[in-house]
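The file my_file-v7.cif contains mmCIF, C-alpha atoms:
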data_entry
loop_
_atom_site.label_atom_id
_atom_site.label_comp_id
_atom_site.auth_asym_id
_atom_site.auth_seq_id
_atom_site.Cartn_x
_atom_site.Cartn_y
_atom_site.Cartn_z
CA MET K 289 58.39 81.58 103.50
CA LEU K 290 56.63 79.54 106.16
CA PHE K 291 54.75 82.56 107.44
CA ARG K 292 54.02 84.16 104.06
CA ASP K 293 50.77 84.05 102.10
CA ASP K 294 50.47 84.11 98.33
CA PRO K 295 51.56 85.81 96.21
CA ASP K 296 54.68 86.40 98.34
CA HIS K 297 54.92 82.72 99.34
CA GLU K 298 54.74 81.62 95.70
CA ARG K 299 57.37 84.17 94.66
CA LEU K 300 59.77 83.04 97.37
CA ARG K 301 59.09 79.38 96.64
CA ASN K 302 59.99 79.97 92.98
CA ILE K 303 63.29 81.51 94.08
CA VAL K 304 64.38 78.49 96.12
CA ASN K 305 63.00 75.82 93.76
CA PRO K 306 66.33 75.53 91.88
CA PHE K 307 67.95 74.33 95.09
CA PHE K 308 65.38 71.53 95.24
CA SER K 309 66.13 70.27 91.74
CA GLN K 310 66.57 66.55 91.26
CA ALA K 311 70.34 66.98 90.87
CA SER K 312 70.63 69.09 94.01
CA ILE K 313 68.63 66.65 96.13
CA LYS K 314 70.57 63.71 94.71
CA GLY K 315 73.72 65.53 95.75
CA LEU K 316 72.46 65.51 99.33
CA THR K 317 72.36 61.70 99.32
CA GLY K 318 76.13 61.40 99.56
CA PHE K 319 76.28 64.17 102.13
CA THR K 320 73.58 62.43 104.20
CA GLU K 321 75.48 59.15 104.08
CA GLN K 322 78.62 60.93 105.28
CA VAL K 323 76.71 62.54 108.16
CA VAL K 324 75.22 59.20 109.23
CA GLU K 325 78.63 57.49 109.08
CA HIS K 326 80.21 60.33 111.08
CA GLU K 327 77.51 60.10 113.75
CA ILE K 328 77.82 56.29 113.91
CA ASP K 329 81.57 56.65 114.43
CA LYS K 330 80.98 59.15 117.25
CA VAL K 331 78.53 56.93 119.16
CA ARG K 332 80.72 53.84 118.68
CA LYS K 333 83.41 55.64 120.64
CA MET K 334 80.98 56.58 123.41
CA GLY K 335 80.18 53.06 124.54
CA SER K 336 76.77 53.96 125.90
CA PHE K 337 74.69 56.75 124.46
CA ASP K 338 71.20 58.17 124.16
CA PHE K 339 70.00 57.15 120.69
CA VAL K 340 67.81 60.20 120.13
CA HIS K 341 70.00 62.89 121.68
CA ASP K 342 73.43 61.58 120.68
CA PHE K 343 72.58 60.14 117.27
CA ALA K 344 69.16 60.56 115.66
CA PHE K 345 68.82 64.27 116.55
CA ARG K 346 72.18 65.14 115.01
CA ILE K 347 71.31 63.96 111.49
CA PRO K 348 68.35 66.23 110.62
CA VAL K 349 69.83 69.35 112.21
CA THR K 350 73.08 68.84 110.27
CA LEU K 351 71.09 68.43 107.05
CA ILE K 352 69.12 71.57 107.85
CA CYS K 353 72.38 73.52 108.19
CA ARG K 354 73.56 72.19 104.83
CA VAL K 355 70.25 72.98 103.11
CA ILE K 356 70.11 76.52 104.49
CA GLY K 357 73.78 77.11 103.75
CA VAL K 358 75.16 77.81 107.21
CA PRO K 359 78.16 76.16 108.92
CA LEU K 360 77.56 72.59 110.06
CA ASN K 361 79.25 73.47 113.35
CA ASP K 362 76.29 75.74 114.07
CA ALA K 363 73.88 72.79 114.34
CA ASP K 364 73.35 73.22 118.09
CA TYR K 365 72.61 76.92 117.60
CA ILE K 366 70.18 76.22 114.75
CA GLN K 367 68.37 73.64 116.85
CA SER K 368 68.18 75.95 119.85
CA VAL K 369 66.94 79.02 117.99
CA GLY K 370 64.56 76.87 115.96
CA ARG K 371 62.87 75.63 119.11
CA LYS K 372 62.48 79.18 120.38
CA VAL K 373 61.02 80.37 117.08
CA LEU K 374 58.63 77.45 116.58
CA PHE K 375 57.54 76.71 120.17
CA PRO K 376 55.22 79.73 120.37
CA LEU K 377 53.25 78.24 117.45
CA ASN K 378 51.88 75.65 119.86
CA PRO K 379 48.52 76.42 121.44
CA GLN K 380 48.41 77.71 125.00
CA VAL K 381 51.97 78.95 125.35
CA SER K 382 52.89 81.62 127.80
CA THR K 383 53.41 85.26 126.90
CA GLU K 384 57.02 84.79 127.96
CA ALA K 385 57.50 81.98 125.41
CA ILE K 386 56.02 84.17 122.70
CA GLU K 387 58.36 87.02 123.65
CA GLN K 388 61.33 84.64 123.58
CA GLY K 389 60.18 83.50 120.15
CA HIS K 390 60.17 87.08 118.87
CA LYS K 391 63.66 87.65 120.28
CA ALA K 392 64.85 84.41 118.67
CA VAL K 393 63.47 85.56 115.30
CA ALA K 394 65.42 88.82 115.57
CA GLU K 395 68.56 86.94 116.63
CA PHE K 396 68.19 84.48 113.75
CA LYS K 397 67.73 87.33 111.27
CA ASP K 398 71.05 88.80 112.41
CA TYR K 399 72.69 85.38 112.16
CA LEU K 400 71.38 84.83 108.61
CA ARG K 401 72.48 88.31 107.50
CA VAL K 402 76.10 87.45 108.29
CA HIS K 403 75.91 84.33 106.13
CA LEU K 404 73.93 86.11 103.44
CA ASP K 405 76.60 88.82 103.20
CA GLU K 406 79.24 86.12 102.76
CA VAL K 407 77.28 84.47 99.93
CA LYS K 408 76.55 87.79 98.24
CA SER K 409 80.27 88.69 98.29
CA ARG K 410 81.17 85.68 96.14
CA LEU K 411 82.05 86.26 92.50
CA ALA K 412 80.04 83.21 91.44
CA ILE K 413 77.07 81.71 93.25
CA ASP K 414 75.87 78.16 92.61
CA ARG K 415 72.12 78.38 93.18
CA GLU K 416 71.97 74.64 93.87
CA GLU K 417 74.46 74.83 96.76
CA SER K 418 71.97 76.01 99.40
CA ILE K 419 68.80 77.99 99.96
CA LEU K 420 70.82 81.11 100.78
CA CYS K 421 72.72 80.67 97.51
CA ALA K 422 69.50 80.21 95.53
CA MET K 423 68.08 83.38 97.04
CA ALA K 424 71.28 85.43 96.61
CA SER K 425 71.62 84.26 93.01
CA SER K 426 68.04 85.27 92.24
CA GLN K 427 68.59 88.64 93.87
CA ARG K 428 71.73 89.15 91.80
CA GLU K 429 69.67 88.36 88.66
CA GLY K 430 67.24 91.15 89.51
CA VAL K 431 64.49 89.24 91.31
CA GLU K 432 62.99 91.38 94.07
CA VAL K 433 64.25 89.96 97.34
CA SER K 434 65.09 92.63 99.89
CA ASP K 435 67.54 91.75 102.63
CA GLU K 436 64.76 92.35 105.16
CA ARG K 437 62.49 89.81 103.46
CA PHE K 438 65.49 87.57 102.90
CA CYS K 439 65.91 87.09 106.61
CA THR K 440 62.30 87.32 107.73
CA CYS K 441 61.24 84.27 109.68
CA ALA K 442 57.87 85.54 110.86
CA SER K 443 55.64 88.46 110.29
#

Rewrite the structure of this file - the entire thing - as structure tokens.
Amino acid sequence: MLFRDDPDHERLRNIVNPFFSQASIKGLTGFTEQVVEHEIDKVRKMGSFDFVHDFAFRIPVTLICRVIGVPLNDADYIQSVGRKVLFPLNPQVSTEAIEQGHKAVAEFKDYLRVHLDEVKSRLAIDREESILCAMASSQREGVEVSDERFCTCAS
């Protein structure tokens, strides 16, 4: 969606809006508290730690995994591929960084397809569970969302 213009952006935004309902977002509050508590417990055991790397960084990337609908254990992967995809958006990056960004987009598409296939195989899909669930549910209801567009991160 980030790289789409209207009317495609609007169409995709309408598909994922159910995930961002008040009830769905409220449901993330408890999850967020659990993540913060878990990360606090981890750094307590470390003795000394880097606040940003060992604590603060872990919270948003874990939430991103939950919102997208991918395994929380994939947080390091999501962070790594995200940097590769987004870094070339900065001005004055090398051609090599841009090429790595394109490769990361292709890799991330393949990664998302695996998780999309899992969601689509479910008998029932709760559209408020994650963005992938919202999109798969809409597709199941006849909304035009091709698998290629489903997993497109850039154009």

Legend entry - Distance of CA of Pro295 (chain K) from CA of Arg410 (chain K), expressed in Å to one decimal place: 29.6 Å

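As for CA of Leu420 (chain K) and CA of Gly357 (chain K), they are spaced 5.8 Å apart.
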
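Take CA of Gly389 (chain K) and CA of Phe375 (chain K): the distance between them is 7.3 Å.
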
Inset, instruction - Point out the residue among K:Phe319, K:Thr383, K:Lys397, K:Phe337 with the least atom-to-atom distance to Leu360 (chain K), counting all atoms listed in the file. - result: K:Phe319

Inset, instruction - Report as a VMD selection string the residues that result from applying the PyMOL selection byres ((chain K and resi 367) around 12) to the structure here. - result: chain K and resid 341 345 to 353 360 to 366 368 to 375 392 396

Legend entry - Matched chain/residue IDs from the PyMOL selection byres ((chain K and resi 421) around 9), as an MDAnalysis selection string: chainID K and resid 304 307 356:357 404 407:408 413:420 422:426

What would the file look like if the residues just selected were written as an mmCIF file, in the frame of the given file with C-alpha atoms?
data_model
loop_
_atom_site.group_PDB
_atom_site.id
_atom_site.type_symbol
_atom_site.label_atom_id
_atom_site.label_comp_id
_atom_site.auth_asym_id
_atom_site.auth_seq_id
_atom_site.Cartn_x
_atom_site.Cartn_y
_atom_site.Cartn_z
ATOM 1 C CA VAL K 304 64.380 78.490 96.120
ATOM 2 C CA PHE K 307 67.950 74.330 95.090
ATOM 3 C CA ILE K 356 70.110 76.520 104.490
ATOM 4 C CA GLY K 357 73.780 77.110 103.750
ATOM 5 C CA LEU K 404 73.930 86.110 103.440
ATOM 6 C CA VAL K 407 77.280 84.470 99.930
ATOM 7 C CA LYS K 408 76.550 87.790 98.240
ATOM 8 C CA ILE K 413 77.070 81.710 93.250
ATOM 9 C CA ASP K 414 75.870 78.160 92.610
ATOM 10 C CA ARG K 415 72.120 78.380 93.180
ATOM 11 C CA GLU K 416 71.970 74.640 93.870
ATOM 12 C CA GLU K 417 74.460 74.830 96.760
ATOM 13 C CA SER K 418 71.970 76.010 99.400
ATOM 14 C CA ILE K 419 68.800 77.990 99.960
ATOM 15 C CA LEU K 420 70.820 81.110 100.780
ATOM 16 C CA ALA K 422 69.500 80.210 95.530
ATOM 17 C CA MET K 423 68.080 83.380 97.040
ATOM 18 C CA ALA K 424 71.280 85.430 96.610
ATOM 19 C CA SER K 425 71.620 84.260 93.010
ATOM 20 C CA SER K 426 68.040 85.270 92.240
#

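Between Asp405 (chain K) and the residues K:Ile313, K:Asp293, K:Val358, K:His326, the shortest atom-to-atom distance, using all atoms listed in the file, involves K:Val358.
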
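The shell of residues at most 12 Å from Val331 (chain K), with all atoms listed in the file counted and near chain neighbours (fewer than 4 positions) removed, consists of Val324, Glu325, His326, Glu327, Gly335, Ser336, Phe337, Asp338, Phe339, Val340, His341, Asp342, Phe343, Ala344 and Arg346 of chain K.
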
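With only C-alpha atoms as the atoms that count, the residue of K:Leu411, K:Thr317, K:Ile328, K:Gln380 with the shortest distance to Arg354 (chain K) is K:Thr317.
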
Could you rebuild region 360-372 of chain K with N, CA, C and O atoms and give it back as a CSV table (one decimal), keeping the file's coordinate frame?
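As a result, out01.csv now contains:
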chain,number,residue,atom,x,y,z
K,360,LEU,N,78.0,73.8,109.4
K,360,LEU,CA,77.6,72.6,110.1
K,360,LEU,C,77.9,72.6,111.6
K,360,LEU,O,77.1,72.1,112.4
K,361,ASN,N,78.9,73.3,111.9
K,361,ASN,CA,79.2,73.5,113.4
K,361,ASN,C,78.2,74.3,114.1
K,361,ASN,O,78.3,74.3,115.4
K,362,ASP,N,77.3,74.9,113.4
K,362,ASP,CA,76.3,75.7,114.1
K,362,ASP,C,75.0,74.9,114.3
K,362,ASP,O,74.0,75.5,114.7
K,363,ALA,N,75.1,73.6,114.2
K,363,ALA,CA,73.9,72.8,114.3
K,363,ALA,C,73.2,73.0,115.7
K,363,ALA,O,72.0,73.1,115.8
K,364,ASP,N,74.0,73.0,116.8
K,364,ASP,CA,73.4,73.2,118.1
K,364,ASP,C,72.6,74.6,118.2
K,364,ASP,O,71.5,74.7,118.7
K,365,TYR,N,73.2,75.6,117.6
K,365,TYR,CA,72.6,76.9,117.6
K,365,TYR,C,71.3,76.9,116.8
K,365,TYR,O,70.3,77.4,117.2
K,366,ILE,N,71.4,76.3,115.6
K,366,ILE,CA,70.2,76.2,114.8
K,366,ILE,C,69.1,75.5,115.5
K,366,ILE,O,67.9,75.9,115.4
K,367,GLN,N,69.4,74.4,116.1
K,367,GLN,CA,68.4,73.6,116.8
K,367,GLN,C,67.8,74.5,118.0
K,367,GLN,O,66.6,74.5,118.2
K,368,SER,N,68.6,75.2,118.7
K,368,SER,CA,68.2,76.0,119.8
K,368,SER,C,67.3,77.1,119.4
K,368,SER,O,66.2,77.3,120.0
K,369,VAL,N,67.7,77.9,118.4
K,369,VAL,CA,66.9,79.0,118.0
K,369,VAL,C,65.7,78.5,117.3
K,369,VAL,O,64.6,79.2,117.4
K,370,GLY,N,65.7,77.4,116.6
K,370,GLY,CA,64.6,76.9,116.0
K,370,GLY,C,63.5,76.5,117.0
K,370,GLY,O,62.3,76.8,116.7
K,371,ARG,N,63.9,75.9,118.1
K,371,ARG,CA,62.9,75.6,119.1
K,371,ARG,C,62.2,76.9,119.6
K,371,ARG,O,61.0,76.9,119.9
K,372,LYS,N,63.0,77.9,119.9
K,372,LYS,CA,62.5,79.2,120.4
K,372,LYS,C,61.5,79.9,119.4
K,372,LYS,O,60.6,80.5,119.8
